[in-house]
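Participant: Next comes the structure file upload_16.txt, holding compact mmCIF, C-alpha atoms.
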```txt
# COMPACT_ATOMS: atom_id res chain seq x y z
CA MET V 1 84.27 55.12 12.62
CA ARG V 2 86.52 58.04 13.42
CA PHE V 3 88.34 55.95 15.99
CA LEU V 4 88.98 53.27 13.37
CA GLY V 5 90.34 55.89 10.98
CA HIS V 6 92.72 57.22 13.63
CA LEU V 7 93.83 53.71 14.51
CA LEU V 8 94.55 52.79 10.89
CA ALA V 9 96.45 56.06 10.37
CA MET V 10 98.53 55.39 13.49
CA ILE V 11 99.37 51.86 12.35
CA ALA V 12 100.30 53.11 8.88
CA VAL V 13 102.59 55.77 10.35
CA ALA V 14 104.16 53.24 12.75
CA LEU V 15 104.89 50.73 9.98
CA PHE V 16 106.22 53.40 7.65
CA VAL V 17 108.46 54.93 10.31
CA GLY V 18 109.55 51.61 11.85
CA PHE V 19 110.43 49.62 8.74
CA GLY V 20 111.32 52.62 6.59
CA LEU V 21 113.81 53.92 9.13
CA SER V 22 115.31 50.43 9.54
CA TRP V 23 115.70 49.99 5.80
CA TYR V 24 117.21 53.45 5.45
CA ALA V 25 119.60 53.00 8.36
CA LEU V 26 120.90 49.67 7.02
CA SER V 27 121.05 50.58 3.34
CA ASP V 28 122.54 53.84 2.33
CA GLY V 29 121.00 55.78 5.15
CA ARG V 30 124.24 56.50 6.94
CA LEU V 31 122.26 57.38 10.04
CA PHE V 32 124.37 55.73 12.68
CA GLY V 33 127.77 54.10 13.02
CA THR V 34 129.29 55.41 9.81
CA ILE V 35 132.22 57.62 8.92
CA GLU V 36 131.42 60.15 6.20
CA VAL V 37 133.97 62.16 4.26
CA GLY V 38 132.45 63.92 1.24
CA PRO V 39 130.69 61.27 -0.86
CA TRP V 40 132.56 58.43 0.88
CA ALA V 41 131.07 56.47 3.76
CA ALA V 42 132.22 53.46 5.78
CA TRP V 43 130.80 51.44 8.63
CA ARG V 44 133.34 52.27 11.31
CA ASP V 45 132.77 49.15 13.43
CA ALA V 46 132.15 46.63 10.63
CA GLY V 47 135.55 45.04 11.30
CA SER V 48 135.27 45.18 15.07
CA SER V 49 134.70 42.18 17.32
CA THR V 50 132.11 44.18 19.27
CA PRO V 51 130.13 46.17 16.72
CA ASP V 52 127.31 48.49 17.74
CA PRO V 53 123.74 47.21 17.16
CA TYR V 54 123.32 49.04 13.83
CA THR V 55 126.59 47.70 12.47
CA ARG V 56 125.77 44.21 13.72
CA ALA V 57 122.41 44.34 11.91
CA PHE V 58 124.12 45.67 8.79
CA VAL V 59 126.71 42.86 8.85
CA SER V 60 123.97 40.23 9.25
CA ARG V 61 121.91 41.64 6.42
CA ASN V 62 124.78 42.46 4.07
CA GLY V 63 126.36 38.99 4.00
CA ALA V 64 129.73 40.28 2.77
CA LEU V 65 133.15 39.22 4.05
CA GLN V 66 133.82 42.41 5.99
CA LEU V 67 137.38 43.60 6.30
CA GLY V 68 138.73 43.22 9.84
CA ALA V 69 139.75 46.35 11.72
CA GLY V 70 143.36 45.11 11.63
CA GLU V 71 143.24 44.56 7.86
CA GLY V 72 141.92 47.87 6.61
CA LEU V 73 138.79 49.79 5.81
CA GLN V 74 136.36 49.93 2.90
CA LEU V 75 134.66 53.17 1.89
CA ILE V 76 131.71 53.29 -0.47
CA ALA V 77 130.53 56.21 -2.61
CA SER V 78 127.14 56.05 -4.27
CA THR V 79 127.08 59.74 -5.21
CA ASP V 80 129.54 62.21 -6.68
CA SER V 81 130.93 65.11 -4.66
CA ASP V 82 127.85 67.21 -5.56
CA GLY V 83 125.52 64.59 -4.11
CA GLN V 84 124.20 63.25 -7.43
CA ARG V 85 123.84 59.48 -7.84
CA LEU V 86 126.66 57.85 -9.80
CA ASP V 87 125.34 56.97 -13.25
CA ARG V 88 127.07 54.70 -15.76
CA ALA V 89 126.05 57.06 -18.57
CA CYS V 90 128.43 59.70 -17.17
CA ARG V 91 132.18 60.14 -17.05
CA TYR V 92 133.67 60.66 -13.59
CA ARG V 93 137.03 62.03 -12.58
CA ILE V 94 138.37 60.87 -9.23
CA ASP V 95 140.77 63.50 -8.17
CA GLY V 96 143.05 63.98 -5.18
CA THR V 97 144.96 61.84 -2.74
CA THR V 98 144.14 58.83 -0.60
CA PRO V 99 144.95 58.23 3.08
CA VAL V 100 148.15 56.41 3.95
CA ALA V 101 147.80 52.66 3.39
CA THR V 102 150.04 49.81 2.26
CA PHE V 103 147.93 49.75 -0.88
CA TRP V 104 144.40 50.43 -1.99
CA THR V 105 141.96 49.35 -4.66
CA LEU V 106 139.10 51.27 -6.23
CA VAL V 107 136.45 49.11 -7.84
CA PRO V 108 133.23 50.23 -9.57
CA THR V 109 130.37 47.85 -8.90
CA ALA V 110 126.62 47.66 -9.30
CA PRO V 111 124.77 48.43 -6.06
CA ASP V 112 124.58 44.66 -5.36
CA GLY V 113 128.40 44.31 -5.52
CA THR V 114 128.73 42.93 -9.08
CA PRO V 115 131.87 44.36 -10.73
CA ILE V 116 130.93 46.42 -13.81
CA ALA V 117 134.28 46.95 -15.50
CA ARG V 118 134.73 45.72 -19.07
CA PRO V 119 135.00 41.91 -19.04
CA GLY V 120 138.53 40.81 -19.84
CA GLY V 121 140.09 44.03 -18.58
CA PRO V 122 141.11 45.11 -15.10
CA ALA V 123 138.22 45.08 -12.64
CA GLY V 124 139.42 48.18 -10.81
CA PHE V 125 142.30 50.47 -10.00
CA ASN V 126 145.19 49.30 -7.84
CA SER V 127 147.42 51.89 -6.15
CA GLY V 128 150.48 49.97 -7.36
CA ARG V 129 149.50 50.30 -10.99
CA ILE V 130 148.45 53.90 -11.60
CA ALA V 131 150.26 56.95 -12.96
CA ARG V 132 150.54 59.88 -10.55
CA ALA V 133 151.54 63.52 -10.66
CA GLU V 134 154.83 64.60 -9.08
CA ASP V 135 153.06 65.61 -5.85
CA GLY V 136 151.56 62.13 -5.51
CA SER V 137 148.05 63.17 -6.52
CA MET V 138 146.16 61.18 -9.12
CA GLN V 139 143.48 61.56 -11.73
CA LEU V 140 141.39 58.49 -12.33
CA TYR V 141 138.61 58.27 -14.89
CA VAL V 142 135.69 55.89 -14.75
CA SER V 143 133.48 55.91 -17.84
CA ARG V 144 132.12 53.89 -20.73
CA THR V 145 133.89 56.17 -23.22
CA LEU V 146 137.61 56.68 -23.80
CA SER V 147 139.20 58.99 -21.23
CA PRO V 148 142.70 60.33 -20.59
CA PHE V 149 145.19 59.44 -17.82
CA ASN V 150 144.20 56.41 -15.72
CA TRP V 151 141.02 55.14 -17.31
CA LEU V 152 138.78 52.26 -16.29
CA GLU V 153 136.13 51.25 -18.78
CA ILE V 154 132.76 50.32 -17.34
CA THR V 155 129.76 48.71 -18.99
CA GLY V 156 126.01 48.60 -18.61
CA GLU V 157 123.30 51.05 -17.62
CA GLY V 158 122.03 52.55 -14.40
CA ALA V 159 123.43 53.44 -11.01
CA PHE V 160 126.72 52.20 -9.64
CA VAL V 161 128.94 52.62 -6.59
CA LEU V 162 132.67 53.04 -6.09
CA ALA V 163 134.33 50.87 -3.43
CA LEU V 164 137.63 52.26 -2.16
CA THR V 165 139.42 49.69 0.01
CA LEU V 166 142.41 50.80 2.06
CA TYR V 167 144.56 47.86 3.15
CA ASP V 168 146.66 48.09 6.27
CA THR V 169 145.77 51.64 7.19
CA SER V 170 145.53 53.47 10.48
CA SER V 171 143.38 56.22 8.99
CA PHE V 172 140.01 56.77 10.63
CA THR V 173 141.06 54.75 13.65
CA GLY V 174 141.81 57.83 15.72
CA VAL V 175 145.49 56.84 15.85
CA GLY V 176 147.99 59.32 14.44
CA PRO V 177 147.92 63.04 13.99
CA THR V 178 146.90 63.26 10.34
CA VAL V 179 143.40 64.04 9.17
CA ALA V 180 142.45 61.61 6.43
CA THR V 181 141.62 63.14 3.06
CA LEU V 182 139.77 61.32 0.35
CA PRO V 183 139.58 62.01 -3.38
CA SER V 184 136.67 63.95 -4.80
CA ILE V 185 134.39 62.45 -7.45
CA ILE V 186 133.57 64.89 -10.20
CA ARG V 187 130.93 64.31 -12.87
CA GLU V 188 132.28 65.55 -16.20
CA ALA V 189 129.90 64.63 -19.02
CA CYS V 190 126.96 62.35 -19.61
CA SER V 191 125.97 60.65 -22.85
CA MET H 192 92.68 68.25 15.07
CA ILE H 193 94.76 67.88 18.23
CA ARG H 194 93.41 64.38 18.73
CA THR H 195 94.44 63.42 15.18
CA LEU H 196 97.94 64.79 15.78
CA LEU H 197 98.19 62.80 19.02
CA TRP H 198 97.28 59.62 17.14
CA LEU H 199 99.94 60.36 14.52
CA LEU H 200 102.47 61.10 17.26
CA ALA H 201 101.62 57.75 18.84
CA GLY H 202 102.26 56.19 15.43
CA VAL H 203 105.71 57.79 15.28
CA VAL H 204 106.54 56.52 18.79
CA LEU H 205 105.31 53.03 17.89
CA GLY H 206 107.39 53.24 14.70
CA GLY H 207 110.46 53.99 16.83
CA VAL H 208 109.76 50.90 18.91
CA ILE H 209 109.38 48.80 15.73
CA HIS H 210 112.64 50.25 14.41
CA LEU H 211 114.59 49.37 17.56
CA THR H 212 113.06 45.88 17.61
CA VAL H 213 114.08 45.29 13.98
CA ILE H 214 117.65 46.50 14.54
CA LEU H 215 118.20 44.50 17.72
CA SER H 216 116.55 41.28 16.54
CA LEU H 217 117.88 41.17 12.97
CA PRO H 218 121.20 39.43 13.81
CA SER H 219 119.45 36.61 15.66
CA LEU H 220 116.50 36.26 13.27
CA ALA H 221 118.38 36.42 9.97
CA ALA H 222 120.70 33.49 9.35
CA ASN H 223 123.97 35.22 8.54
CA ALA H 224 124.31 35.18 4.78
CA ALA H 225 128.14 35.05 4.86
CA TRP H 226 128.16 32.01 7.15
CA ALA H 227 125.54 30.25 5.01
CA ARG H 228 127.64 30.81 1.88
CA VAL H 229 130.85 29.63 3.54
CA GLU H 230 129.03 26.56 4.90
CA ASN H 231 128.09 25.61 1.33
CA LEU H 232 131.72 25.65 0.21
CA ASP H 233 132.77 22.32 1.73
CA SER H 234 135.50 24.18 3.57
CA LEU H 235 135.38 22.35 6.92
CA ASN H 236 139.01 21.71 7.92
CA LYS H 237 140.09 22.59 4.39
CA ALA H 238 141.31 25.77 2.74
CA VAL H 239 139.10 26.52 -0.25
CA VAL H 240 140.13 29.20 -2.73
CA LEU H 241 137.19 31.42 -3.60
CA PRO H 242 136.52 32.08 -7.30
CA ALA H 243 137.75 35.55 -8.24
CA ALA H 244 135.14 38.28 -8.58
CA VAL H 245 134.66 38.77 -12.30
CA ALA H 246 133.03 41.63 -14.17
CA GLY H 247 129.37 41.02 -14.84
CA GLU H 248 129.06 38.08 -12.46
CA ALA H 249 127.33 38.18 -9.07
CA ASN H 250 129.65 38.83 -6.15
CA PRO H 251 127.55 38.13 -3.06
CA LEU H 252 130.53 38.08 -0.68
CA HIS H 253 131.67 41.46 -2.07
CA LEU H 254 135.17 40.17 -2.80
CA ASP H 255 137.81 42.58 -4.03
CA PRO H 256 138.62 41.45 -7.62
CA GLU H 257 142.27 42.42 -7.11
CA LEU H 258 142.80 39.91 -4.27
CA ALA H 259 142.91 36.12 -3.97
CA TYR H 260 140.94 34.60 -1.08
CA ALA H 261 141.01 31.33 0.82
CA VAL H 262 138.45 30.34 3.41
CA CYS H 263 138.34 27.48 5.88
CA ARG H 264 135.79 26.58 8.49
CA LEU H 265 136.54 25.10 11.91
CA ASP H 266 134.41 23.38 14.51
CA MET H 267 136.04 24.23 17.84
CA ARG H 268 134.12 21.50 19.66
CA LYS H 269 136.59 19.02 18.14
CA GLY H 270 139.62 20.78 19.57
CA PRO H 271 141.63 23.96 19.02
CA GLY H 272 141.90 25.10 15.42
CA ILE H 273 145.31 25.34 13.81
CA VAL H 274 145.88 27.20 10.54
CA ARG H 275 149.33 26.92 8.99
CA GLY H 276 150.91 27.93 5.74
CA VAL H 277 153.73 29.67 3.94
CA LEU H 278 152.58 32.51 1.76
CA PRO H 279 154.33 34.40 -1.05
CA LEU H 280 156.26 37.55 -0.33
CA ALA H 281 153.34 39.94 -0.81
CA PHE H 282 150.74 41.65 1.30
CA TRP H 283 148.39 39.24 2.99
CA SER H 284 145.95 39.49 5.83
CA LEU H 285 143.65 37.19 7.72
CA ALA H 286 140.45 37.49 9.67
CA VAL H 287 138.64 35.05 11.95
CA TYR H 288 134.84 35.31 11.71
CA GLY H 289 132.18 34.07 14.08
CA ARG H 290 128.95 32.46 12.98
CA ASP H 291 127.15 35.81 13.07
CA GLY H 292 129.61 37.28 10.59
CA THR H 293 131.39 39.52 13.09
CA ILE H 294 135.17 39.47 13.14
CA LEU H 295 136.84 37.96 16.18
CA TYR H 296 140.41 38.73 15.16
CA SER H 297 142.27 40.20 12.21
CA THR H 298 145.85 41.03 11.33
CA THR H 299 148.19 41.52 8.39
CA ASN H 300 151.64 40.14 7.58
CA ARG H 301 152.96 43.66 8.19
CA ASP H 302 152.64 42.99 11.92
CA GLY H 303 156.00 41.20 11.89
CA ILE H 304 154.67 37.80 10.83
CA GLY H 305 156.41 37.72 7.46
CA GLN H 306 155.58 34.81 5.16
CA ASN H 307 154.70 32.21 7.76
CA LEU H 308 151.12 31.91 8.81
CA GLU H 309 150.65 30.08 12.11
CA LEU H 310 147.41 30.64 13.89
CA GLY H 311 145.90 28.82 16.85
CA ILE H 312 142.23 29.38 17.60
CA PHE H 313 140.92 28.38 21.01
CA ASN H 314 137.46 28.63 22.47
CA GLN H 315 137.08 29.96 25.99
CA VAL H 316 137.40 26.56 27.70
CA GLN H 317 140.47 25.67 25.64
CA THR H 318 142.02 29.06 26.36
CA ARG H 319 141.55 28.52 30.08
CA LEU H 320 143.10 25.06 29.84
CA LEU H 321 146.01 26.47 27.87
CA ALA H 322 146.62 29.05 30.59
CA GLU H 323 146.32 26.47 33.38
CA GLN H 324 148.72 24.04 31.73
CA GLN H 325 151.25 26.85 31.32
CA LEU H 326 152.41 25.35 28.05
CA ASP H 327 155.14 27.03 26.08
CA VAL H 328 153.67 28.61 23.00
CA ALA H 329 155.84 28.33 19.89
CA GLU H 330 157.36 31.59 18.78
CA GLY H 331 155.37 33.18 15.97
CA LEU H 332 152.16 31.29 16.78
CA LEU H 333 149.26 33.71 16.92
CA ILE H 334 146.79 32.77 19.63
CA VAL H 335 143.19 33.78 19.11
CA GLU H 336 140.45 33.32 21.68
CA SER H 337 137.08 32.68 20.12
CA ARG H 338 133.74 33.18 21.85
CA ASP H 339 132.10 30.96 19.20
CA ASP H 340 132.57 27.25 18.53
CA ASP H 341 131.83 27.76 14.85
CA VAL H 342 134.36 29.98 13.14
CA PHE H 343 135.79 30.51 9.71
CA VAL H 344 139.11 31.99 8.68
CA VAL H 345 139.59 34.12 5.57
CA VAL H 346 143.09 34.73 4.19
CA ARG H 347 143.43 37.57 1.69
CA LEU H 348 146.48 37.65 -0.55
CA ALA H 349 147.34 40.50 -2.90
CA PRO H 350 149.10 39.52 -6.14
CA ALA H 351 151.14 42.41 -7.52
CA HIS H 352 149.84 41.50 -10.98
CA GLN H 353 146.95 39.35 -12.10
CA ALA H 354 149.44 37.14 -13.97
CA MET H 355 150.60 35.91 -10.54
CA ARG H 356 147.10 35.04 -9.36
CA LYS H 357 147.25 31.31 -10.20
CA ARG H 358 150.52 30.83 -8.33
CA TYR H 359 149.19 32.75 -5.35
CA GLU H 360 145.96 30.76 -5.32
CA ALA H 361 148.02 27.55 -5.35
CA ALA H 362 149.85 28.81 -2.24
CA LEU H 363 146.53 29.56 -0.57
CA GLU H 364 145.27 26.09 -1.39
CA LYS H 365 148.24 24.58 0.47
CA ILE H 366 147.25 26.23 3.76
CA SER H 367 146.46 23.53 6.30
CA CYS H 368 143.43 24.06 8.46
CA SER H 369 142.47 21.49 11.06
CA ASN H 370 141.59 20.75 14.65
CA ASN H 371 144.41 19.87 16.98
CA PRO H 372 143.01 16.98 19.06
CA ALA H 373 142.46 18.25 22.61
```
Would you write the structure of this file as structure tokens?
Facilitator:
Amino acid sequence: MRFLGHLLAMIAVALFVGFGLSWYALSDGRLFGTIEVGPWAAWRDAGSSTPDPYTRAFVSRNGALQLGAGEGLQLIASTDSDGQRLDRACRYRIDGTTPVATFWTLVPTAPDGTPIARPGGPAGFNSGRIARAEDGSMQLYVSRTLSPFNWLEITGEGAFVLALTLYDTSSFTGVGPTVATLPSIIREACS
Amino acid sequence: MIRTLLWLLAGVVLGGVIHLTVILSLPSLAANAAWARVENLDSLNKAVVLPAAVAGEANPLHLDPELAYAVCRLDMRKGPGIVRGVLPLAFWSLAVYGRDGTILYSTTNRDGIGQNLELGIFNQVQTRLLAEQQLDVAEGLLIVESRDDDVFVVVRLAPAHQAMRKRYEAALEKISCSNNPA
């Protein structure tokens, strides 16, 4: 009887560790193969022709049209800079500068990729259509309520993610002397 | 107590084995979702413009709502793939995907290509033949060697304003995508 108990406990631990770790690694786990800068994370090899096994599994499972390494890089943030999950009930300020790229877009989506901006309005920010300070920095607001400066209205309830896509960039490729900096995401107020 | 801990430790080790098995076998076990979606688009030898990602509507391919996309699928068994088109004066990029969703080649128009898109995709046998024949390759033609016989090409085009989207999508629709008879 004791043997059976040990065996069942071992199997339970094995299944929990095996499948749990796999799910975590391929979801938001950021265990292997990712670049992390503050709240932003990207699969470094997602656009490579020879991705590592974790990235290959992620690409198979994700089903998205990944951006090629020669096209750019997409970074995803599911938390703010303090590590709290992004919540549509809150107002967020995205503050700072972005790495050098021909252009970039910043799109709020539900965790499954559905855009959550107000229907009929712009779906996201585009680097070519935002107001900046004299030093090139920017202040973007993402919220359901009216906000100053560059504001994107979102709708709905629950968690969301921010997808920052840098087109035609050499940042994070190891080429060039500059260290890439990414904007911080600051939670301001929640309704 | 020690025996119980040893059993649990064995469970952790077995869990590690399960984890590695899942990670390594997932690409071959799971039919790639991106390929399956592209296959349903009737895009064989034809550039198909993808519907723009719209707020509140599912976006399984995770398209960027700011961009216009065209996709075409090629069967390399029927000969080398040729993709040709003239695109508006704006940022565009292209990527060639294999059946497993990995990217075989990607570039942007900033790499000196300009507005003219001319891409030749060859599988390994065709690439070898091309090298043996020592044919002159037209200037500006991008040559891509593919390890897969089933590939699809995605062209991304960035309209400066959404008002230009329709015109840009019309340009994407005019891209020719076919097999050059071997």
Participant: Select all residues from chain H having any atom no more than 8 Å from an atom of chain V (counting all atoms listed in the file, ignoring ligands), output as a VMD selection string.
Facilitator: chain H and resid 195 198 to 211 213 to 215 217 to 218 221 to 226 244 to 257 284 to 286 291 to 299 301 351
Participant: Those same residues, written as a PDB file, in the coordinates of the input with C-alpha atoms?
Facilitator:
```pdb
ATOM      1  CA  THR H 195      94.440  63.420  15.180  1.00  0.00           C
ATOM      2  CA  TRP H 198      97.280  59.620  17.140  1.00  0.00           C
ATOM      3  CA  LEU H 199      99.940  60.360  14.520  1.00  0.00           C
ATOM      4  CA  LEU H 200     102.470  61.100  17.260  1.00  0.00           C
ATOM      5  CA  ALA H 201     101.620  57.750  18.840  1.00  0.00           C
ATOM      6  CA  GLY H 202     102.260  56.190  15.430  1.00  0.00           C
ATOM      7  CA  VAL H 203     105.710  57.790  15.280  1.00  0.00           C
ATOM      8  CA  VAL H 204     106.540  56.520  18.790  1.00  0.00           C
ATOM      9  CA  LEU H 205     105.310  53.030  17.890  1.00  0.00           C
ATOM     10  CA  GLY H 206     107.390  53.240  14.700  1.00  0.00           C
ATOM     11  CA  GLY H 207     110.460  53.990  16.830  1.00  0.00           C
ATOM     12  CA  VAL H 208     109.760  50.900  18.910  1.00  0.00           C
ATOM     13  CA  ILE H 209     109.380  48.800  15.730  1.00  0.00           C
ATOM     14  CA  HIS H 210     112.640  50.250  14.410  1.00  0.00           C
ATOM     15  CA  LEU H 211     114.590  49.370  17.560  1.00  0.00           C
ATOM     16  CA  VAL H 213     114.080  45.290  13.980  1.00  0.00           C
ATOM     17  CA  ILE H 214     117.650  46.500  14.540  1.00  0.00           C
ATOM     18  CA  LEU H 215     118.200  44.500  17.720  1.00  0.00           C
ATOM     19  CA  LEU H 217     117.880  41.170  12.970  1.00  0.00           C
ATOM     20  CA  PRO H 218     121.200  39.430  13.810  1.00  0.00           C
ATOM     21  CA  ALA H 221     118.380  36.420   9.970  1.00  0.00           C
ATOM     22  CA  ALA H 222     120.700  33.490   9.350  1.00  0.00           C
ATOM     23  CA  ASN H 223     123.970  35.220   8.540  1.00  0.00           C
ATOM     24  CA  ALA H 224     124.310  35.180   4.780  1.00  0.00           C
ATOM     25  CA  ALA H 225     128.140  35.050   4.860  1.00  0.00           C
ATOM     26  CA  TRP H 226     128.160  32.010   7.150  1.00  0.00           C
ATOM     27  CA  ALA H 244     135.140  38.280  -8.580  1.00  0.00           C
ATOM     28  CA  VAL H 245     134.660  38.770 -12.300  1.00  0.00           C
ATOM     29  CA  ALA H 246     133.030  41.630 -14.170  1.00  0.00           C
ATOM     30  CA  GLY H 247     129.370  41.020 -14.840  1.00  0.00           C
ATOM     31  CA  GLU H 248     129.060  38.080 -12.460  1.00  0.00           C
ATOM     32  CA  ALA H 249     127.330  38.180  -9.070  1.00  0.00           C
ATOM     33  CA  ASN H 250     129.650  38.830  -6.150  1.00  0.00           C
ATOM     34  CA  PRO H 251     127.550  38.130  -3.060  1.00  0.00           C
ATOM     35  CA  LEU H 252     130.530  38.080  -0.680  1.00  0.00           C
ATOM     36  CA  HIS H 253     131.670  41.460  -2.070  1.00  0.00           C
ATOM     37  CA  LEU H 254     135.170  40.170  -2.800  1.00  0.00           C
ATOM     38  CA  ASP H 255     137.810  42.580  -4.030  1.00  0.00           C
ATOM     39  CA  PRO H 256     138.620  41.450  -7.620  1.00  0.00           C
ATOM     40  CA  GLU H 257     142.270  42.420  -7.110  1.00  0.00           C
ATOM     41  CA  SER H 284     145.950  39.490   5.830  1.00  0.00           C
ATOM     42  CA  LEU H 285     143.650  37.190   7.720  1.00  0.00           C
ATOM     43  CA  ALA H 286     140.450  37.490   9.670  1.00  0.00           C
ATOM     44  CA  ASP H 291     127.150  35.810  13.070  1.00  0.00           C
ATOM     45  CA  GLY H 292     129.610  37.280  10.590  1.00  0.00           C
ATOM     46  CA  THR H 293     131.390  39.520  13.090  1.00  0.00           C
ATOM     47  CA  ILE H 294     135.170  39.470  13.140  1.00  0.00           C
ATOM     48  CA  LEU H 295     136.840  37.960  16.180  1.00  0.00           C
ATOM     49  CA  TYR H 296     140.410  38.730  15.160  1.00  0.00           C
ATOM     50  CA  SER H 297     142.270  40.200  12.210  1.00  0.00           C
ATOM     51  CA  THR H 298     145.850  41.030  11.330  1.00  0.00           C
ATOM     52  CA  THR H 299     148.190  41.520   8.390  1.00  0.00           C
ATOM     53  CA  ARG H 301     152.960  43.660   8.190  1.00  0.00           C
ATOM     54  CA  ALA H 351     151.140  42.410  -7.520  1.00  0.00           C
TER      55      ALA H 351
END
```
Participant: Choose the residue, out of H:Val335, H:Leu196, H:Gly289, H:Pro279, that has the smallest atom-to-atom separation from Pro350 (chain H); count only C-alpha atoms.
Facilitator: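 The answer is H:Pro279, which sits nearest to Pro350 (chain H).
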Participant: Please report the interatomic distance between CA of Ser367 (chain H) and CA of Val274 (chain H) in Å with one decimal.
Facilitator: 5.6 Å
Participant: Nearest residue to Gly272 (chain H) out of H:Gln324, H:Glu360, H:Asn371, H:Arg347, using only C-alpha atoms?
Facilitator: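 The closest residue to Gly272 (chain H) is H:Asn371.
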Participant: Fewer than 5 positions away in the same chain doesn't count, so skip those; otherwise give me all residues within 7 Å of Trp43 (chain V), counting all atoms listed in the file, as an mmCIF file with C-alpha atoms, keeping the file's coordinate frame.
Facilitator:
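Final output, part-v9.cif:
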```cif
data_model
loop_
_atom_site.group_PDB
_atom_site.id
_atom_site.type_symbol
_atom_site.label_atom_id
_atom_site.label_comp_id
_atom_site.auth_asym_id
_atom_site.auth_seq_id
_atom_site.Cartn_x
_atom_site.Cartn_y
_atom_site.Cartn_z
ATOM 1 C CA GLY V 33 127.770 54.100 13.020
ATOM 2 C CA THR V 34 129.290 55.410 9.810
ATOM 3 C CA ILE V 35 132.220 57.620 8.920
ATOM 4 C CA THR V 55 126.590 47.700 12.470
#
```
Participant: What is the CA of Asp341 (chain H) to CA of Thr169 (chain V) distance in Å?
Facilitator: 28.7 Å
Participant: Quick one, how far is CA of Asp135 (chain V) from CA of Phe172 (chain V)?
Facilitator: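 CA of Phe172 (chain V) lies at a distance of 22.8 Å from CA of Asp135 (chain V).
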Participant: Pick out the closest residue to Pro111 (chain V) from this set: V:Val142, V:Leu75, V:Ile94, V:Ala159. Count all atoms listed in the file.
Facilitator: V:Ala159
Participant: Please determine the residues with any atom at most 10 Å from (126.0, 57.1, -19.1) (coordinates as given in the file, with all atoms listed in the file counting) and report them as JSON, numbers by chain.
Facilitator: {"V": [86, 87, 88, 89, 90, 91, 143, 144, 145, 154, 155, 156, 157, 158, 159, 189, 190, 191]}
Participant: At a cut-off of 9 Å, using all atoms listed in the file, what residues contact region 331-333 of chain H? Leave out same-chain residues fewer than 5 positions from it and give the result as an mmCIF file with C-alpha atoms, keeping the file's coordinate frame.
Facilitator:
```cif
data_model
loop_
_atom_site.group_PDB
_atom_site.id
_atom_site.type_symbol
_atom_site.label_atom_id
_atom_site.label_comp_id
_atom_site.auth_asym_id
_atom_site.auth_seq_id
_atom_site.Cartn_x
_atom_site.Cartn_y
_atom_site.Cartn_z
ATOM 1 C CA ILE H 304 154.670 37.800 10.830
ATOM 2 C CA ASN H 307 154.700 32.210 7.760
ATOM 3 C CA LEU H 308 151.120 31.910 8.810
ATOM 4 C CA GLU H 309 150.650 30.080 12.110
ATOM 5 C CA LEU H 310 147.410 30.640 13.890
ATOM 6 C CA GLY H 311 145.900 28.820 16.850
ATOM 7 C CA ILE H 312 142.230 29.380 17.600
#
```
Participant: Skipping near chain neighbours, those fewer than 6 positions away, what residues fall within 12 Å of Gln315 (chain H) using only C-alpha atoms, listed as a ChimeraX atom specification?
Facilitator: /H:267-268,270-271,321-322,334-340
Participant: Residues around (148.4, 59.9, -7.0), cut-off 10 Å, counting all atoms listed in the file - what are they as a list in words?
Facilitator: Asp95, Gly96, Thr97, Thr98, Ser127, Ile130, Ala131, Arg132, Ala133, Glu134, Asp135, Gly136, Ser137, Met138, Gln139, Leu140 and Pro183 of chain V
Participant: Taking into account only C-alpha atoms, which residue in the set V:Ile185, V:Ala41, V:Ile76, V:Leu4 is nearest to Arg93 (chain V)?
Facilitator: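 Answer, going by the shortest atom-to-atom distance: V:Ile185.
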Participant: What would region 138-146 of chain V look like with N, CA and C atoms restored, written as a short mmCIF file (atom, residue, chain, number, x, y, z; two decimals), keeping the file's coordinate frame?
Facilitator:
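Okay, this is what ended up in out-v3.cif:
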```cif
data_model
loop_
_atom_site.label_atom_id
_atom_site.label_comp_id
_atom_site.auth_asym_id
_atom_site.auth_seq_id
_atom_site.Cartn_x
_atom_site.Cartn_y
_atom_site.Cartn_z
N MET V 138 146.51 62.05 -7.99
CA MET V 138 146.16 61.18 -9.12
C MET V 138 144.89 61.69 -9.79
N GLN V 139 144.73 61.29 -11.01
CA GLN V 139 143.48 61.56 -11.73
C GLN V 139 143.02 60.23 -12.33
N LEU V 140 141.93 59.75 -11.83
CA LEU V 140 141.39 58.49 -12.33
C LEU V 140 140.09 58.79 -13.07
N TYR V 141 139.86 58.10 -14.16
CA TYR V 141 138.61 58.27 -14.89
C TYR V 141 137.84 56.95 -14.92
N VAL V 142 136.57 57.05 -14.66
CA VAL V 142 135.69 55.89 -14.75
C VAL V 142 134.58 56.27 -15.72
N SER V 143 134.49 55.56 -16.83
CA SER V 143 133.48 55.91 -17.84
C SER V 143 133.35 54.79 -18.85
N ARG V 144 132.29 54.86 -19.64
CA ARG V 144 132.12 53.89 -20.73
C ARG V 144 132.89 54.33 -21.97
N THR V 145 133.20 55.64 -22.05
CA THR V 145 133.89 56.17 -23.22
C THR V 145 135.36 56.45 -22.91
N LEU V 146 136.16 56.50 -23.95
CA LEU V 146 137.61 56.68 -23.80
C LEU V 146 137.92 57.95 -23.03
#
```
